[in-house]
Amino acid sequence: YGSCMEPSFVANRLPLLDRGVVYAVAHIRGGGEMGRHWYEDQGKYLTKMNTFVDFCDCAEHLVRAGWCTADQLAIEGRSAGGLLMGAVLNLRPDLFKVALAGVPFVDLMATMCDPSIPLTVGEWEEWGNPNEERFYDYLMSYSPINNVARQAYPAILITAGLNDPRVAYWEPAKWTALLREHKTDSNPLLLKTDMGAGHFSASDRYKHLKERAFELAFVLDQLGLADK
């Protein structure tokens with residue numbers, strides 16, 4: 001959406017840092033870190049695939065530079081960032097050890113083709129209107145649910161909120177079911193649905209921290225760092 005993710009201090013990253021994890025933010029096309037053209041001309045509509053390719057390139061750079069290996073690499077995205085997770089997991093599942101997908105917008109075609117859903121028409125400005133053939137074909141090429149393949153996937157934790165007005169809870173549930181049907185590995189695949197939350201997780205500060213602790217515990221367990 002052209003937003004910028006500036007480097008900042010976040011206290012709930014300390015459990016990762018204390019165990020030797022390196023935290024990196026991928027500045028990819030579709031964001032606004034390199035100016036408006038980084039988003040308008042190179043990261044939306046019929047150039048959206050750049051976002052997913054850039055993310056994989058960032059991951060490969062971390063491996064080449066010696067910061068980690070593919071067997072040590074964890075990734076995370078929420079909402080539209082959850083779509084990013086779904087797309088890159090289909091493209092390069094071999095590149096990642098574990099993924100967190102928070103309230104992921106993964107049933108792209110079903111949602112974007114239904115103008116009766118309150119936010120759909122506004123989202124056409126970001127992704128394109130799939131009622132037009134050129135956008136339909138392009139969206140189909142990366143829509144996570146429509147591209148789940150029979151292949152090995154990394155460990156994945158998917159979260160959803162029952163009262164989410166932006167990403168309906170059945171999108172993560174449907175994606176989980178498809179992954180379970182098609183994946184050829186024995187890695188954990190968990191769906192955690194909060195029966196009282198919406199799109200932005202718990203509003204209570206302590207419940208939010210508890211939920212974050214659950215997510216980080218999953219990552220640390222998969223990286224073999226849970227006991228450190």
# chains A, B, ... in the order shown; residues from 1 in each chain; ligands from 1

$ select_by_dssp --residues "range 44-94 of chain A" --states "strand (DSSP E)" --output "compact mmCIF listing (two decimals) with C-alpha atoms, in the first residue's frame"
# COMPACT_ATOMS: atom_id res chain seq x y z
CA ALA A 74 11.77 -17.37 9.65
CA ILE A 75 9.36 -14.96 7.94
CA GLU A 76 6.26 -13.07 8.99
CA GLY A 77 3.50 -10.98 7.43
CA ARG A 78 -0.01 -9.86 8.41

$ residues_around --residues "Trp38 in chain A" --least-positions-apart "4" --cutoff "12 Å" --atoms "only C-alpha atoms" --output "PyMOL selection string"
chain A and resi 1-4+27-34+42-44+47-48+50-51+54

$ atom_distance --atom1 "CA of Asp71 in chain A" --atom2 "CA of Gly102 in chain A"
21.5 Å

$ select_by_dssp --residues "range 65-94 of chain A" --states "alpha helix (DSSP H)" --output "ChimeraX atom specification"
/A:80-91

$ residues_around --residues "range 143-148 of chain A" --least-positions-apart "5" --cutoff "8 Å" --atoms "only C-alpha atoms" --output "count of residues only"
13

$ residues_around --residues "range 119-122 of chain A" --least-positions-apart "4" --cutoff "12 Å" --atoms "only C-alpha atoms" --output "list in words"
Phe105, Leu108, Met109, Ala110, Thr111, Met112, Cys113, Asp114, Pro115, Glu126, Trp127, Gly128, Asn129, Pro130, Asn131, Pro165, Arg166, Val167 and Ala168 of chain A

$ decode --residues "range 108-152 of chain A" --atoms "N, CA and C atoms" --output "JSON list (two decimals), in the first residue's frame"
[["chain", "number", "residue", "atom", "x", "y", "z"],
["A", 108, "LEU", "N", -7.74, -14.49, -2.60],
["A", 108, "LEU", "CA", -7.77, -13.22, -3.33],
["A", 108, "LEU", "C", -8.91, -13.16, -4.34],
["A", 109, "MET", "N", -9.05, -14.20, -5.15],
["A", 109, "MET", "CA", -10.02, -14.15, -6.24],
["A", 109, "MET", "C", -11.46, -14.17, -5.73],
["A", 110, "ALA", "N", -11.75, -15.00, -4.75],
["A", 110, "ALA", "CA", -13.12, -15.07, -4.24],
["A", 110, "ALA", "C", -13.55, -13.74, -3.64],
["A", 111, "THR", "N", -12.63, -13.09, -2.94],
["A", 111, "THR", "CA", -12.95, -11.81, -2.30],
["A", 111, "THR", "C", -13.02, -10.68, -3.32],
["A", 112, "MET", "N", -12.05, -10.60, -4.20],
["A", 112, "MET", "CA", -11.97, -9.47, -5.13],
["A", 112, "MET", "C", -13.02, -9.53, -6.23],
["A", 113, "CYS", "N", -13.60, -10.69, -6.46],
["A", 113, "CYS", "CA", -14.64, -10.82, -7.47],
["A", 113, "CYS", "C", -16.04, -10.54, -6.92],
["A", 114, "ASP", "N", -16.14, -10.28, -5.63],
["A", 114, "ASP", "CA", -17.44, -10.10, -4.98],
["A", 114, "ASP", "C", -17.61, -8.66, -4.51],
["A", 115, "PRO", "N", -18.21, -7.78, -5.30],
["A", 115, "PRO", "CA", -18.34, -6.37, -4.91],
["A", 115, "PRO", "C", -19.31, -6.13, -3.75],
["A", 116, "SER", "N", -20.04, -7.17, -3.34],
["A", 116, "SER", "CA", -20.96, -6.99, -2.21],
["A", 116, "SER", "C", -20.21, -6.96, -0.88],
["A", 117, "ILE", "N", -18.96, -7.43, -0.86],
["A", 117, "ILE", "CA", -18.14, -7.35, 0.35],
["A", 117, "ILE", "C", -17.72, -5.90, 0.53],
["A", 118, "PRO", "N", -17.90, -5.30, 1.71],
["A", 118, "PRO", "CA", -17.74, -3.85, 1.89],
["A", 118, "PRO", "C", -16.42, -3.27, 1.40],
["A", 119, "LEU", "N", -15.30, -3.96, 1.59],
["A", 119, "LEU", "CA", -14.01, -3.36, 1.25],
["A", 119, "LEU", "C", -13.51, -3.72, -0.15],
["A", 120, "THR", "N", -14.23, -4.57, -0.86],
["A", 120, "THR", "CA", -13.71, -5.10, -2.12],
["A", 120, "THR", "C", -13.47, -4.03, -3.18],
["A", 121, "VAL", "N", -14.47, -3.19, -3.44],
["A", 121, "VAL", "CA", -14.35, -2.22, -4.53],
["A", 121, "VAL", "C", -13.19, -1.27, -4.29],
["A", 122, "GLY", "N", -12.99, -0.85, -3.05],
["A", 122, "GLY", "CA", -11.86, 0.01, -2.72],
["A", 122, "GLY", "C", -10.53, -0.67, -2.96],
["A", 123, "GLU", "N", -10.50, -1.98, -2.75],
["A", 123, "GLU", "CA", -9.26, -2.72, -2.95],
["A", 123, "GLU", "C", -8.90, -2.88, -4.43],
["A", 124, "TRP", "N", -9.86, -2.66, -5.32],
["A", 124, "TRP", "CA", -9.53, -2.71, -6.75],
["A", 124, "TRP", "C", -8.47, -1.66, -7.11],
["A", 125, "GLU", "N", -8.40, -0.59, -6.32],
["A", 125, "GLU", "CA", -7.39, 0.45, -6.56],
["A", 125, "GLU", "C", -5.98, -0.05, -6.24],
["A", 126, "GLU", "N", -5.90, -1.10, -5.47],
["A", 126, "GLU", "CA", -4.59, -1.65, -5.09],
["A", 126, "GLU", "C", -4.18, -2.82, -5.98],
["A", 127, "TRP", "N", -5.11, -3.73, -6.22],
["A", 127, "TRP", "CA", -4.79, -4.99, -6.88],
["A", 127, "TRP", "C", -5.26, -5.05, -8.33],
["A", 128, "GLY", "N", -6.28, -4.26, -8.66],
["A", 128, "GLY", "CA", -6.92, -4.33, -9.97],
["A", 128, "GLY", "C", -8.27, -5.03, -9.86],
["A", 129, "ASN", "N", -9.12, -4.76, -10.81],
["A", 129, "ASN", "CA", -10.48, -5.31, -10.82],
["A", 129, "ASN", "C", -10.48, -6.63, -11.60],
["A", 130, "PRO", "N", -10.69, -7.76, -10.93],
["A", 130, "PRO", "CA", -10.63, -9.05, -11.62],
["A", 130, "PRO", "C", -11.78, -9.29, -12.58],
["A", 131, "ASN", "N", -12.75, -8.37, -12.62],
["A", 131, "ASN", "CA", -13.79, -8.48, -13.64],
["A", 131, "ASN", "C", -13.27, -8.06, -15.01],
["A", 132, "GLU", "N", -12.05, -7.49, -15.04],
["A", 132, "GLU", "CA", -11.35, -7.23, -16.29],
["A", 132, "GLU", "C", -10.35, -8.36, -16.53],
["A", 133, "GLU", "N", -10.34, -8.89, -17.75],
["A", 133, "GLU", "CA", -9.57, -10.11, -18.04],
["A", 133, "GLU", "C", -8.09, -9.98, -17.69],
["A", 134, "ARG", "N", -7.46, -8.83, -18.01],
["A", 134, "ARG", "CA", -6.02, -8.69, -17.76],
["A", 134, "ARG", "C", -5.70, -8.76, -16.28],
["A", 135, "PHE", "N", -6.57, -8.20, -15.45],
["A", 135, "PHE", "CA", -6.34, -8.26, -14.01],
["A", 135, "PHE", "C", -6.69, -9.65, -13.47],
["A", 136, "TYR", "N", -7.74, -10.24, -14.00],
["A", 136, "TYR", "CA", -8.12, -11.59, -13.56],
["A", 136, "TYR", "C", -6.97, -12.57, -13.75],
["A", 137, "ASP", "N", -6.39, -12.58, -14.92],
["A", 137, "ASP", "CA", -5.30, -13.51, -15.22],
["A", 137, "ASP", "C", -4.09, -13.24, -14.33],
["A", 138, "TYR", "N", -3.79, -11.97, -14.11],
["A", 138, "TYR", "CA", -2.61, -11.63, -13.31],
["A", 138, "TYR", "C", -2.82, -11.99, -11.84],
["A", 139, "LEU", "N", -3.99, -11.67, -11.30],
["A", 139, "LEU", "CA", -4.28, -12.02, -9.91],
["A", 139, "LEU", "C", -4.25, -13.53, -9.70],
["A", 140, "MET", "N", -4.77, -14.27, -10.68],
["A", 140, "MET", "CA", -4.76, -15.73, -10.58],
["A", 140, "MET", "C", -3.33, -16.29, -10.54],
["A", 141, "SER", "N", -2.39, -15.57, -11.12],
["A", 141, "SER", "CA", -1.01, -16.07, -11.20],
["A", 141, "SER", "C", -0.32, -16.08, -9.85],
["A", 142, "TYR", "N", -0.82, -15.28, -8.87],
["A", 142, "TYR", "CA", -0.16, -15.27, -7.57],
["A", 142, "TYR", "C", -1.09, -15.45, -6.38],
["A", 143, "SER", "N", -2.39, -15.51, -6.60],
["A", 143, "SER", "CA", -3.33, -15.71, -5.50],
["A", 143, "SER", "C", -2.94, -16.95, -4.70],
["A", 144, "PRO", "N", -2.63, -16.82, -3.40],
["A", 144, "PRO", "CA", -2.08, -17.95, -2.64],
["A", 144, "PRO", "C", -2.92, -19.22, -2.70],
["A", 145, "ILE", "N", -4.23, -19.10, -2.49],
["A", 145, "ILE", "CA", -5.08, -20.29, -2.47],
["A", 145, "ILE", "C", -5.13, -20.97, -3.83],
["A", 146, "ASN", "N", -5.09, -20.18, -4.88],
["A", 146, "ASN", "CA", -5.20, -20.73, -6.23],
["A", 146, "ASN", "C", -3.89, -21.31, -6.75],
["A", 147, "ASN", "N", -2.82, -21.17, -5.98],
["A", 147, "ASN", "CA", -1.52, -21.67, -6.43],
["A", 147, "ASN", "C", -0.86, -22.64, -5.44],
["A", 148, "VAL", "N", -1.63, -23.13, -4.47],
["A", 148, "VAL", "CA", -1.10, -24.16, -3.58],
["A", 148, "VAL", "C", -0.74, -25.39, -4.43],
["A", 149, "ALA", "N", 0.47, -25.90, -4.21],
["A", 149, "ALA", "CA", 0.96, -27.00, -5.05],
["A", 149, "ALA", "C", 1.30, -28.23, -4.21],
["A", 150, "ARG", "N", 1.44, -29.34, -4.87],
["A", 150, "ARG", "CA", 1.85, -30.57, -4.20],
["A", 150, "ARG", "C", 3.36, -30.53, -4.04],
["A", 151, "GLN", "N", 3.82, -30.00, -2.93],
["A", 151, "GLN", "CA", 5.24, -29.82, -2.66],
["A", 151, "GLN", "C", 5.44, -29.70, -1.15],
["A", 152, "ALA", "N", 6.69, -29.72, -0.74],
["A", 152, "ALA", "CA", 7.01, -29.56, 0.68],
["A", 152, "ALA", "C", 6.96, -28.08, 1.05]]
